[in-house]
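Student: Got a structure for you, written out below as structure tokens; questions coming shortly.
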2 protein chains.
Amino acid sequence: MQSNVPQKITIHEVVLRDGIQSEKKLVSTKEKVTLTNDLIKCGIRRIELSSFVNPRLVPQMADTDELWGTIDRKKGIVYAALILSEKGLDRAIQCKVPHVGIYVSASETHSRKNSNMSVAEAVKEARRLISKARGAGMEVRAGVMNAFGCAYEGNVASGRVLTLVRDFMKREPDEICLADTSGMANPLQVKKTVKRVQDIVGAVPISLHLHNTRGLGLANVWAAVTEGIAIFDTSLGGLGGCPFIPGARGNIATEDTVNMLHESGIKTGIDLDKLIDTSLCFEQYMGQTFPAAVLHLRPSS
Amino acid sequence: MQSNVPQKITIHEVVLRDGIQSEKKLVSTKEKVTLTNDLIKCGIRRIELSSFVNPRLVPQMADTDELWGTIDRKKGIVYAALILSEKGLDRAIQCKVPHVGIYVSASETHSRKNSNMSVAEAVKEARRLISKARGAGMEVRAGVMNAFGCAYEGNVASGRVLTLVRDFMKREPDEICLADTSGMANPLQVKKTVKRVQDIVGAVPISLHLHNTRGLGLANVWAAVTEGIAIFDTSLGGLGGCPFIPGARGNIATEDTVNMLHESGIKTGIDLDKLIDTSLCFEQYMGQTFPAAVLHLRPSS
């Protein structure tokens, strides 16, 4: 009945990057290391540790180079980082980061506001960065930000997404990522866009980075799963999201995504009970209630 | 591509019944009337006004008979109520209620705890009530509670759901409803169960009553929509849910459901902007923040 549904799905955990990047409370390097190792004990196999960004712009990432020096890299685990500039890539090469994400926005306005470059300029820069990263032996995820809509521009024509993906493919990335940066995707759009991107990329894996801003995160995951998508970015507790929109939710929660997949008979390799324990501990450290739905269902909590 | 997806979906609004039934703050009859009329102005065409239940058990429903006497019934609007006993049905007949919901639980434990009857006894009682309601000229929705799982028993075999549906069909109900009373459904299960129930009921419409306890509400709506389901119970603001589970969310929010459907190109006949205004007003009346995701995204809020 569900012939396209993958038997196993890979969770790409982003709590230490997208999850905490806008949080006022600074997470210590020690806590980042502990959380990373705890998540791996839960069965997480891919984890985004940081972005290489100017610490003045994102204070939470000030210890990035130290963190990469401290972390004990375990076999079989993909440790990843987000790259925003050549300077950042050079730091990542220094830190021997094995997996980097390099993104271009599909929205002209967002591209200029976020990177001070037009989309055309950002594409040119991304080409250079992808080639340099591959030359340094890194695995590269090439991503499209605002692939499903833009907070500034509204709709984003899927043609713009496909053009970017075609361009990326010439640089032979290891993975193509479609990011719903503003949480504007809907399930029908996800289905349609994913199908078109699959036609372009062939056997190269596609990952989705979805937000839950309008409560559609898991509906979008499900729509993508039925099209065979097998890599999803998720954030522990559902942490993340835009601090400028009151009440806006952030990334899709790792717990809720894993629960939905397991309940639907799809494997993730993750121990959900352990994951909830880990999330409850980190929730206490952060001193706030995380939005993940399955986190607070235990009778004792 | 989405051949089963209906072009238009009917929202069955349950905020005045399931939404507020466990709320401590009592909603005045006047406020209930105002909210009903405001919801109709938003384009809602089906609204569940109350349950006919012992007021000592559910104080929020103490004004049920008065409410039905007060409400100005507009043409083309389906005003509905939940029936739990013959005494309740007699009151509903007195109140000239045009549409009633009569339910049996698919879980033995829940049936005994909720109605003090075994499933077999509850089926026998439901048969009588359905016949009596139809005899009184009412439209009847026959529903299965805990159709996707039970908080007490865990999994509920779909065979038990199908047996109940087959039994109901002998009484020629106008609609079959599957209720995820404990919020335990997952999208794959919804798809499978809906297909099997469709095989039994033929042209009789199927409605789904879904909860968002584990954050899967809209994913389950989407899975059902792709199988052609065109009637969904939703609650304004996402109000409702179990007061005994801390952090548990309630019914799927009308705003979020309507937003997802509209974004996916499916019509509901509802003005989302007006609906959000109505929800924000009622939120203020209730003195709490509703869980609906799209409710708090406006820059000014």
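Each chain in the structure tokens gets a letter, A, B and so on, in the order shown; residues start at 1 in every chain, and ligands are counted from 1 in the order they appear.
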Give me every alpha helix (DSSP H) residue in region 61-145 of chain A, going by DSSP on the backbone, as a ChimeraX atom specification.
Tutor: /A:64-70,86-94,108-115,119-135
Student: Smallest atom-to-atom distance to Asp65 (chain B): which of B:Ser264, B:Asn116, B:Ser50, B:Thr193, using only C-alpha atoms?
Tutor: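 The closest residue to Asp65 (chain B) is B:Ser50.
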Student: Leaving out Gly159 (chain B) and any residue of its chain fewer than 2 positions from it, which residues lie within 12 Å of it when counting only C-alpha atoms, given as a ChimeraX atom specification?
Tutor: /B:106-107,147-148,155-157,161-166,192-193,196-197
Student: As an exercise, work out the distance from CA of Ala133 (chain A) to CA of Ile231 (chain A) in Å and give it to one decimal place.
Tutor: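 Separating CA of Ala133 (chain A) from CA of Ile231 (chain A) is a distance of 21.4 Å.
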Student: Residues at most 9 Å from region 75-79 of chain B, counting only C-alpha atoms, excluding those fewer than 5 positions away in the same chain, as a list in words?
Tutor: His12, Ile40, Ile44, Arg45, Arg46, Ile47, Glu48, Leu49, Val97, Pro98, His99 and Val100 of chain B
Student: With only C-alpha atoms as the counted atoms, please give the residues lying no more than 12 Å from Cys281 (chain A), apart from itself and same-chain residues fewer than 2 positions off, as a list in words.
Tutor: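 Answer for this query is Glu31, Thr34, Leu35, Asp38, Leu39, Leu236, Gly237, Lys274, Leu275, Ile276, Asp277, Thr278, Ser279, Glu283, Gln284, Tyr285, Met286, Gly287, Gln288, Thr289, Phe290 and Leu295 of chain A.
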Student: May I have the residues within 10 Å of Glu227 (chain A) as a list in words, using only C-alpha atoms and disregarding those fewer than 5 positions away in the same chain?
Tutor: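 Result of the neighbour search: Gln2, Ser3, Asn4, Val5, Pro6, Val190, Lys191, Lys192, Val194, Lys195, Gln198, Val221 and Trp222 of chain A.
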Student: Restricting the output to N, CA and C atoms, write the selected residues as a CSV table (one decimal), in the first residue's frame.
Tutor:
chain,number,residue,atom,x,y,z
A,2,GLN,N,1.9,1.2,0.8
A,2,GLN,CA,2.8,2.4,1.0
A,2,GLN,C,4.2,2.1,0.3
A,3,SER,N,4.2,1.9,-1.0
A,3,SER,CA,5.4,1.3,-1.6
A,3,SER,C,6.6,2.3,-1.5
A,4,ASN,N,6.3,3.6,-1.5
A,4,ASN,CA,7.4,4.5,-1.5
A,4,ASN,C,8.0,4.8,-0.1
A,5,VAL,N,7.3,4.4,0.9
A,5,VAL,CA,7.7,4.7,2.3
A,5,VAL,C,9.0,4.0,2.6
A,6,PRO,N,10.0,4.7,3.1
A,6,PRO,CA,11.3,4.0,3.4
A,6,PRO,C,11.1,3.2,4.7
A,190,VAL,N,5.0,20.0,-0.6
A,190,VAL,CA,6.1,19.2,-0.3
A,190,VAL,C,6.2,18.0,-1.2
A,191,LYS,N,5.0,17.4,-1.4
A,191,LYS,CA,4.9,16.2,-2.3
A,191,LYS,C,5.3,16.6,-3.7
A,192,LYS,N,4.8,17.7,-4.2
A,192,LYS,CA,5.0,18.1,-5.6
A,192,LYS,C,6.5,18.5,-5.8
A,194,VAL,N,9.1,17.7,-3.9
A,194,VAL,CA,10.0,16.6,-3.7
A,194,VAL,C,10.1,15.7,-5.0
A,195,LYS,N,8.9,15.5,-5.6
A,195,LYS,CA,8.9,14.7,-6.8
A,195,LYS,C,9.7,15.3,-7.9
A,198,GLN,N,13.4,15.0,-7.1
A,198,GLN,CA,13.9,13.6,-7.3
A,198,GLN,C,14.2,13.4,-8.8
A,221,VAL,N,6.3,16.1,7.0
A,221,VAL,CA,7.2,14.9,7.1
A,221,VAL,C,6.4,13.8,6.5
A,222,TRP,N,5.2,13.6,6.9
A,222,TRP,CA,4.4,12.4,6.4
A,222,TRP,C,4.3,12.5,4.9
Student: Report, in Å with one decimal, the straight-line distance from CA of Ser115 (chain A) to CA of Gln60 (chain A).
Tutor: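 CA of Ser115 (chain A) sits 19.0 Å away from CA of Gln60 (chain A).
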Student: For Asn146 (chain A), find every residue with an atom within 7 Å (counting only C-alpha atoms), except residues of its own chain fewer than 4 positions away, and show them as a PyMOL selection string.
Tutor: chain A and resi 105-107+150+179-182
Student: Would you mind writing down, as number ranges by chain, each residue of region 144-213 of chain B that DSSP on the backbone assigns to strand (DSSP E or B)?
Tutor: B: 144-145, 150, 154, 175-179, 206-209, 211
Student: One decimal, Å: what's the distance from CA of Leu16 (chain B) over to CA of Met184 (chain A), could you say?
Tutor: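 Going from CA of Leu16 (chain B) over to CA of Met184 (chain A) covers 29.8 Å.
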Student: With only C-alpha atoms as the atoms that count, which of B:Arg214, B:His262, B:Lys96, B:Arg17 lies nearest to Ile71 (chain B)?
Tutor: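 Between B:Arg214, B:His262, B:Lys96, B:Arg17, the residue approaching Ile71 (chain B) most closely is B:Lys96.
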Student: My list of candidates is A:Leu239, A:Pro55, A:Leu67, A:Ile229. Which is closest to Lys30 (chain A) when distances are computed with only C-alpha atoms?
Tutor: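 Using only C-alpha atoms, Lys30 (chain A) sits closest to A:Leu67.
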Student: From the list A:Glu66, A:Glu108, A:Glu263, A:Asp72, which residue is nearest chain B when using only C-alpha atoms?
Tutor: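 Looking at the shortest contact to chain B, the residue is A:Glu263.
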